[in-house]
Amino acid sequence: MSFASFTRRAGLVGTAIALLGLSACGGGDDTKAGGTPSKITFSILSAEGQASAGPLWQPLLDDMSKAIGVEVEPFFGSNYTVLVEAMRGNQTQVAWFSAKPAVEAIDRADAEVIARTVNKEGLDSYRSTLIVKTGSGITLDQVLACGKRFDFGIGDAQSTSGTLAPMAFLFNPRGIVPAQCFATVRSANHQANAFAVATGVVDVATSNTVNTVFLTRQNPAIAAQITEIWQSPPIPESGILVRSDLDPAIKEKIRSFFLTYGQGEGVEAERQRRVLAGLEYSQFRSADDSYLNPIREMVADQQLQEARAKNDTAAVTAAEAELQRLRALREVQP
């Protein structure tokens, strides 16, 4: 199955159900006099839904609501397609996205970046990984030898670390097509793939270093059953995005909230830092859409590989031109 095939199949039923539910709730349609929204809906990716992510995010959303003077409610989705489509339909106005769906939201959902996340170690990047069951003896060389020997778990089609990065950094340079390499290929989120590896449902799967941290904290027994056999180069961390057409005054309040949250001294700043620590963050750093150019470069590389496989000369030319443009930008950026 190609990268594009994963994209077409990802989340269609979930998207329809989730968006129907959001539409019934009104989403971003409620406004105060003068165009100021009376409610902001903030979308959050969570494989296990509100039960696991809610307690971590709710304190921050409560603080955001107080800071901007508008009620903020969460929308938890289990796949990226649902969340991008929700923002595209203006059913959500603010979102926490990893890098690849952030690009999708900018291109398709009238979104813009206002901040990027920084982890507790001060890094604004993370890494994609390949994981196997501890003690299985499976090595990276064995995985790359293909031969349809192993069952493989890949990520959500829109996942930066679950699909895009392993394709761009590991499989594409070696001419490996997962559907031709492995005995079976199944697409799931990071948590599901981790459990599948730990319980022997699949032999090897994609994951990332952030998921490893959360799994170690929330389910150490499962984490102990997982071993990393590969890490990618650094990938830009997740970002906070808003719809471009959001009321400018509210947009600036949201931007200020994130960029100052957990900063400074005093009891309140310390409390906010504890909230951030629960999310494995230390701060939100100012950013614009350009921080996602490395992701666009990986996307263009994937498009080039697919165009070559189809012998589509026009698509090859377009992808090569986009790669050249992005690489030129990288050369002049500090």
# chains A, B, ... in the order shown; residues from 1 in each chain; ligands from 1
call {"tool": "select_by_dssp", "arguments": {"residues": "region 281-311 of chain A", "states": "strand (DSSP E or B)", "output": "list in words"}}
result
Tyr281, Ser282, Gln283, Phe284, Arg285 and Ser286 of chain A
call {"tool": "write_last_selection", "arguments": {"atoms": "N, CA and C atoms", "output": "PDB file, in the first residue's frame"}}
result
ATOM      1  N   TYR A 281       6.187  19.358  28.573  1.00  0.00           N
ATOM      2  CA  TYR A 281       6.688  20.584  27.972  1.00  0.00           C
ATOM      3  C   TYR A 281       7.316  21.494  29.021  1.00  0.00           C
ATOM      4  N   SER A 282       8.150  22.421  28.546  1.00  0.00           N
ATOM      5  CA  SER A 282       8.700  23.453  29.424  1.00  0.00           C
ATOM      6  C   SER A 282       8.207  24.834  29.035  1.00  0.00           C
ATOM      7  N   GLN A 283       7.810  25.011  27.765  1.00  0.00           N
ATOM      8  CA  GLN A 283       7.305  26.297  27.325  1.00  0.00           C
ATOM      9  C   GLN A 283       6.752  26.173  25.908  1.00  0.00           C
ATOM     10  N   PHE A 284       6.100  27.243  25.460  1.00  0.00           N
ATOM     11  CA  PHE A 284       5.695  27.397  24.070  1.00  0.00           C
ATOM     12  C   PHE A 284       6.537  28.531  23.493  1.00  0.00           C
ATOM     13  N   ARG A 285       7.208  28.256  22.386  1.00  0.00           N
ATOM     14  CA  ARG A 285       8.135  29.214  21.787  1.00  0.00           C
ATOM     15  C   ARG A 285       7.501  29.851  20.549  1.00  0.00           C
ATOM     16  N   SER A 286       7.751  31.139  20.355  1.00  0.00           N
ATOM     17  CA  SER A 286       7.212  31.842  19.195  1.00  0.00           C
ATOM     18  C   SER A 286       7.664  31.175  17.901  1.00  0.00           C
TER      19      SER A 286
END
call {"tool": "residues_around", "arguments": {"residues": "Leu144 (chain A)", "least_positions_apart": "6", "cutoff": "9 Å", "atoms": "only C-alpha atoms", "output": "list in words"}}
result
Leu170, Phe171, Arg174, Ile176 and Cys181 of chain A
call {"tool": "write_last_selection", "arguments": {"atoms": "C-alpha atoms", "output": "compact mmCIF listing (two decimals), in the first residue's frame"}}
result
# COMPACT_ATOMS: atom_id res chain seq x y z
CA LEU A 170 14.57 5.05 6.28
CA PHE A 171 12.53 3.35 3.57
CA ARG A 174 16.61 2.24 0.21
CA ILE A 176 11.66 -0.04 0.22
CA CYS A 181 8.63 -5.61 2.18
call {"tool": "closest_residue", "arguments": {"among": "A:Lys133, A:Arg243, A:Arg186, A:Arg273", "to": "Ile154 (chain A)", "atoms": "only C-alpha atoms"}}
result
A:Arg186
call {"tool": "closest_atom_pairs", "arguments": {"of": "region 188-241 of chain A", "to": "region 287-294 of chain A", "cutoff": "9 Å", "atoms": "only C-alpha atoms", "output": "JSON lines"}}
result
{"residue": "A:Ile235", "atom": "CA", "partner": "A:Pro294", "partner_atom": "CA", "distance": 7.8}
{"residue": "A:Pro236", "atom": "CA", "partner": "A:Leu292", "partner_atom": "CA", "distance": 6.9}
{"residue": "A:Gly239", "atom": "CA", "partner": "A:Ala287", "partner_atom": "CA", "distance": 8.3}
call {"tool": "atom_distance", "arguments": {"atom1": "CA of Arg274 (chain A)", "atom2": "CA of Val94 (chain A)"}}
result
22.3 Å
call {"tool": "residues_around", "arguments": {"residues": "Phe182 (chain A)", "least_positions_apart": "3", "cutoff": "12 Å", "atoms": "only C-alpha atoms", "output": "PyMOL selection string"}}
result
chain A and resi 1+142-154+176-179+185-186+202-205
call {"tool": "write_last_selection", "arguments": {"atoms": "N, CA, C and O atoms", "output": "tab-separated table (two decimals), in the first residue's frame"}}
result
chain	number	residue	atom	x	y	z
A	1	MET	N	0.84	-1.19	0.00
A	1	MET	CA	0.00	0.00	0.00
A	1	MET	C	0.88	1.24	0.00
A	1	MET	O	1.82	1.34	0.78
A	142	GLN	N	17.71	-6.91	9.80
A	142	GLN	CA	16.71	-7.92	9.45
A	142	GLN	C	15.44	-7.27	8.91
A	142	GLN	O	14.85	-7.76	7.94
A	143	VAL	N	15.02	-6.17	9.52
A	143	VAL	CA	13.83	-5.47	9.06
A	143	VAL	C	14.04	-4.95	7.64
A	143	VAL	O	13.17	-5.11	6.76
A	144	LEU	N	15.19	-4.35	7.38
A	144	LEU	CA	15.46	-3.76	6.07
A	144	LEU	C	15.74	-4.81	5.01
A	144	LEU	O	15.73	-4.49	3.81
A	145	ALA	N	15.97	-6.05	5.42
A	145	ALA	CA	16.17	-7.13	4.44
A	145	ALA	C	14.87	-7.55	3.78
A	145	ALA	O	14.87	-8.26	2.77
A	146	CYS	N	13.75	-7.14	4.36
A	146	CYS	CA	12.41	-7.41	3.81
A	146	CYS	C	12.15	-8.91	3.72
A	146	CYS	O	12.33	-9.61	4.70
A	147	GLY	N	11.71	-9.41	2.54
A	147	GLY	CA	11.41	-10.83	2.41
A	147	GLY	C	10.08	-11.24	3.00
A	147	GLY	O	9.83	-12.42	3.20
A	148	LYS	N	9.22	-10.24	3.32
A	148	LYS	CA	7.89	-10.51	3.89
A	148	LYS	C	7.98	-11.42	5.13
A	148	LYS	O	7.14	-12.29	5.35
A	149	ARG	N	8.96	-11.14	5.93
A	149	ARG	CA	9.21	-11.95	7.13
A	149	ARG	C	8.42	-11.44	8.33
A	149	ARG	O	8.00	-12.24	9.17
A	150	PHE	N	8.24	-10.12	8.42
A	150	PHE	CA	7.66	-9.54	9.63
A	150	PHE	C	6.31	-8.87	9.37
A	150	PHE	O	6.05	-8.38	8.26
A	151	ASP	N	5.48	-8.84	10.41
A	151	ASP	CA	4.25	-8.05	10.40
A	151	ASP	C	4.61	-6.65	10.91
A	151	ASP	O	5.25	-6.50	11.95
A	152	PHE	N	4.15	-5.63	10.18
A	152	PHE	CA	4.62	-4.26	10.40
A	152	PHE	C	3.46	-3.34	10.74
A	152	PHE	O	2.40	-3.38	10.12
A	153	GLY	N	3.66	-2.48	11.74
A	153	GLY	CA	2.68	-1.46	12.11
A	153	GLY	C	3.18	-0.07	11.75
A	153	GLY	O	4.20	0.37	12.27
A	154	ILE	N	2.47	0.57	10.82
A	154	ILE	CA	2.84	1.93	10.43
A	154	ILE	C	1.85	2.89	11.09
A	154	ILE	O	0.84	2.47	11.65
A	176	ILE	N	12.53	0.94	-0.44
A	176	ILE	CA	11.66	-0.04	0.22
A	176	ILE	C	10.23	0.46	0.25
A	176	ILE	O	9.95	1.58	0.69
A	177	VAL	N	9.32	-0.37	-0.26
A	177	VAL	CA	7.88	-0.12	-0.17
A	177	VAL	C	7.33	-1.06	0.89
A	177	VAL	O	7.39	-2.28	0.72
A	178	PRO	N	6.81	-0.53	2.00
A	178	PRO	CA	6.39	-1.42	3.10
A	178	PRO	C	5.46	-2.54	2.68
A	178	PRO	O	5.63	-3.68	3.14
A	179	ALA	N	4.50	-2.28	1.80
A	179	ALA	CA	3.56	-3.33	1.40
A	179	ALA	C	4.25	-4.47	0.68
A	179	ALA	O	3.77	-5.61	0.71
A	185	VAL	N	0.92	-5.20	6.63
A	185	VAL	CA	1.10	-3.82	7.07
A	185	VAL	C	-0.24	-3.33	7.60
A	185	VAL	O	-1.25	-3.40	6.90
A	186	ARG	N	-0.24	-2.85	8.84
A	186	ARG	CA	-1.46	-2.29	9.42
A	186	ARG	C	-1.18	-0.88	9.90
A	186	ARG	O	-0.08	-0.58	10.38
A	202	VAL	N	2.12	-7.44	16.20
A	202	VAL	CA	3.02	-7.13	15.09
A	202	VAL	C	4.45	-7.27	15.59
A	202	VAL	O	4.72	-7.21	16.79
A	203	ASP	N	5.37	-7.47	14.65
A	203	ASP	CA	6.76	-7.69	15.01
A	203	ASP	C	7.54	-6.39	15.17
A	203	ASP	O	8.44	-6.29	16.01
A	204	VAL	N	7.23	-5.41	14.34
A	204	VAL	CA	7.94	-4.13	14.34
A	204	VAL	C	6.95	-3.04	13.98
A	204	VAL	O	6.00	-3.28	13.22
A	205	ALA	N	7.14	-1.85	14.54
A	205	ALA	CA	6.21	-0.75	14.27
A	205	ALA	C	6.93	0.58	14.40
A	205	ALA	O	8.01	0.68	14.99
call {"tool": "closest_atom_pairs", "arguments": {"of": "region 226-327 of chain A", "to": "region 157-169 of chain A", "cutoff": "10 Å", "atoms": "only C-alpha atoms", "output": "tab-separated table"}}
result
residue	atom	partner	partner_atom	distance
A:Trp230	CA	A:Pro166	CA	9.5
A:Gln231	CA	A:Pro166	CA	8.9
A:Ser232	CA	A:Phe169	CA	6.6
A:Pro233	CA	A:Phe169	CA	7.8
A:Pro234	CA	A:Ala165	CA	9.7
A:Ile235	CA	A:Ser161	CA	7.9
A:Pro236	CA	A:Thr160	CA	9.3
A:Glu237	CA	A:Thr160	CA	9.8
A:Ser238	CA	A:Thr160	CA	9.7
A:Ile295	CA	A:Thr160	CA	7.8
A:Glu297	CA	A:Ala168	CA	9.3
A:Met298	CA	A:Ala168	CA	5.8
A:Val299	CA	A:Leu164	CA	7.2
A:Ala300	CA	A:Ala168	CA	9.6
A:Asp301	CA	A:Ala168	CA	6.8
A:Gln302	CA	A:Ala168	CA	6.5
A:Gln305	CA	A:Ala168	CA	9.4
call {"tool": "atom_distance", "arguments": {"atom1": "CA of Thr260 (chain A)", "atom2": "CA of Ala111 (chain A)"}}
result
21.4 Å
call {"tool": "atom_distance", "arguments": {"atom1": "CA of Lys39 (chain A)", "atom2": "CA of Gln58 (chain A)"}}
result
15.2 Å
call {"tool": "select_by_dssp", "arguments": {"residues": "region 108-219 of chain A", "states": "alpha helix (DSSP H)", "output": "PyMOL selection string"}}
result
chain A and resi 108+140-144+165+178-181+190-198+209-218
call {"tool": "write_last_selection", "arguments": {"atoms": "N, CA, C and O atoms", "output": "CSV table (one decimal), in the first residue's frame"}}
result
chain,number,residue,atom,x,y,z
A,108,ARG,N,-5.0,23.5,4.0
A,108,ARG,CA,-6.4,23.1,3.7
A,108,ARG,C,-7.4,23.7,4.7
A,108,ARG,O,-8.6,23.6,4.4
A,140,LEU,N,17.6,-4.1,13.1
A,140,LEU,CA,17.3,-3.2,11.9
A,140,LEU,C,17.7,-3.8,10.6
A,140,LEU,O,16.9,-3.7,9.6
A,141,ASP,N,18.8,-4.4,10.6
A,141,ASP,CA,19.2,-5.1,9.3
A,141,ASP,C,18.2,-6.1,8.9
A,141,ASP,O,18.0,-6.3,7.7
A,142,GLN,N,17.7,-6.9,9.8
A,142,GLN,CA,16.7,-7.9,9.4
A,142,GLN,C,15.4,-7.3,8.9
A,142,GLN,O,14.8,-7.8,7.9
A,143,VAL,N,15.0,-6.2,9.5
A,143,VAL,CA,13.8,-5.5,9.1
A,143,VAL,C,14.0,-5.0,7.6
A,143,VAL,O,13.2,-5.1,6.8
A,144,LEU,N,15.2,-4.3,7.4
A,144,LEU,CA,15.5,-3.8,6.1
A,144,LEU,C,15.7,-4.8,5.0
A,144,LEU,O,15.7,-4.5,3.8
A,165,ALA,N,8.2,10.4,8.4
A,165,ALA,CA,9.6,10.4,8.7
A,165,ALA,C,10.2,9.0,8.4
A,165,ALA,O,11.3,9.0,7.8
A,178,PRO,N,6.8,-0.5,2.0
A,178,PRO,CA,6.4,-1.4,3.1
A,178,PRO,C,5.5,-2.5,2.7
A,178,PRO,O,5.6,-3.7,3.1
A,179,ALA,N,4.5,-2.3,1.8
A,179,ALA,CA,3.6,-3.3,1.4
A,179,ALA,C,4.2,-4.5,0.7
A,179,ALA,O,3.8,-5.6,0.7
A,180,GLN,N,5.4,-4.2,0.0
A,180,GLN,CA,6.1,-5.2,-0.7
A,180,GLN,C,7.2,-5.9,0.2
A,180,GLN,O,7.7,-6.9,-0.1
A,181,CYS,N,7.5,-5.2,1.3
A,181,CYS,CA,8.6,-5.6,2.2
A,181,CYS,C,8.2,-6.6,3.3
A,181,CYS,O,8.8,-7.5,3.6
A,190,HIS,N,0.2,5.7,17.5
A,190,HIS,CA,1.4,5.2,18.2
A,190,HIS,C,1.1,4.3,19.4
A,190,HIS,O,1.7,3.3,19.6
A,191,GLN,N,0.0,4.7,20.1
A,191,GLN,CA,-0.3,3.8,21.3
A,191,GLN,C,-0.7,2.4,20.9
A,191,GLN,O,-0.3,1.4,21.5
A,192,ALA,N,-1.6,2.4,19.9
A,192,ALA,CA,-2.0,1.0,19.4
A,192,ALA,C,-0.9,0.2,18.9
A,192,ALA,O,-0.8,-1.0,19.2
A,193,ASN,N,0.0,0.8,18.2
A,193,ASN,CA,1.2,0.1,17.6
A,193,ASN,C,2.1,-0.4,18.7
A,193,ASN,O,2.7,-1.5,18.7
A,194,ALA,N,2.3,0.5,19.8
A,194,ALA,CA,3.1,0.1,20.9
A,194,ALA,C,2.6,-1.2,21.6
A,194,ALA,O,3.3,-2.1,21.9
A,195,PHE,N,1.3,-1.1,21.8
A,195,PHE,CA,0.6,-2.3,22.5
A,195,PHE,C,0.7,-3.5,21.6
A,195,PHE,O,0.9,-4.7,22.1
A,196,ALA,N,0.6,-3.3,20.3
A,196,ALA,CA,0.6,-4.4,19.3
A,196,ALA,C,2.0,-5.1,19.3
A,196,ALA,O,2.1,-6.3,19.3
A,197,VAL,N,3.1,-4.3,19.4
A,197,VAL,CA,4.4,-4.8,19.5
A,197,VAL,C,4.6,-5.5,20.8
A,197,VAL,O,5.1,-6.7,20.9
A,198,ALA,N,4.2,-4.9,21.9
A,198,ALA,CA,4.4,-5.5,23.2
A,198,ALA,C,3.7,-6.8,23.4
A,198,ALA,O,4.2,-7.7,24.1
A,209,THR,N,9.8,9.3,20.1
A,209,THR,CA,10.4,9.4,21.4
A,209,THR,C,9.5,10.0,22.4
A,209,THR,O,9.6,9.8,23.6
A,210,VAL,N,8.5,10.8,21.9
A,210,VAL,CA,7.5,11.4,22.8
A,210,VAL,C,6.6,10.3,23.4
A,210,VAL,O,6.3,10.2,24.6
A,211,ASN,N,6.1,9.4,22.5
A,211,ASN,CA,5.3,8.3,22.9
A,211,ASN,C,6.0,7.4,23.9
A,211,ASN,O,5.4,6.9,24.8
A,212,THR,N,7.3,7.2,23.7
A,212,THR,CA,8.1,6.4,24.7
A,212,THR,C,8.0,7.0,26.1
A,212,THR,O,7.8,6.3,27.1
A,213,VAL,N,8.1,8.3,26.2
A,213,VAL,CA,8.1,9.0,27.5
A,213,VAL,C,6.7,8.8,28.1
A,213,VAL,O,6.6,8.5,29.3
A,214,PHE,N,5.7,9.1,27.4
A,214,PHE,CA,4.3,8.9,27.9
A,214,PHE,C,4.0,7.5,28.3
A,214,PHE,O,3.4,7.2,29.3
A,215,LEU,N,4.4,6.6,27.5
A,215,LEU,CA,4.2,5.2,27.8
A,215,LEU,C,4.9,4.7,29.0
A,215,LEU,O,4.4,4.0,29.9
A,216,THR,N,6.2,5.2,29.2
A,216,THR,CA,6.9,4.8,30.3
A,216,THR,C,6.3,5.3,31.6
A,216,THR,O,6.3,4.7,32.7
A,217,ARG,N,5.7,6.5,31.5
A,217,ARG,CA,5.0,7.1,32.7
A,217,ARG,C,3.7,6.5,33.0
A,217,ARG,O,3.3,6.2,34.1
A,218,GLN,N,2.9,6.2,31.9
A,218,GLN,CA,1.5,5.8,32.1
A,218,GLN,C,1.3,4.3,32.1
A,218,GLN,O,0.4,3.8,32.7
call {"tool": "closest_residue", "arguments": {"among": "A:Arg296, A:Thr227, A:Val72, A:Gln303", "to": "Arg330 (chain A)", "atoms": "only C-alpha atoms"}}
result
A:Arg296
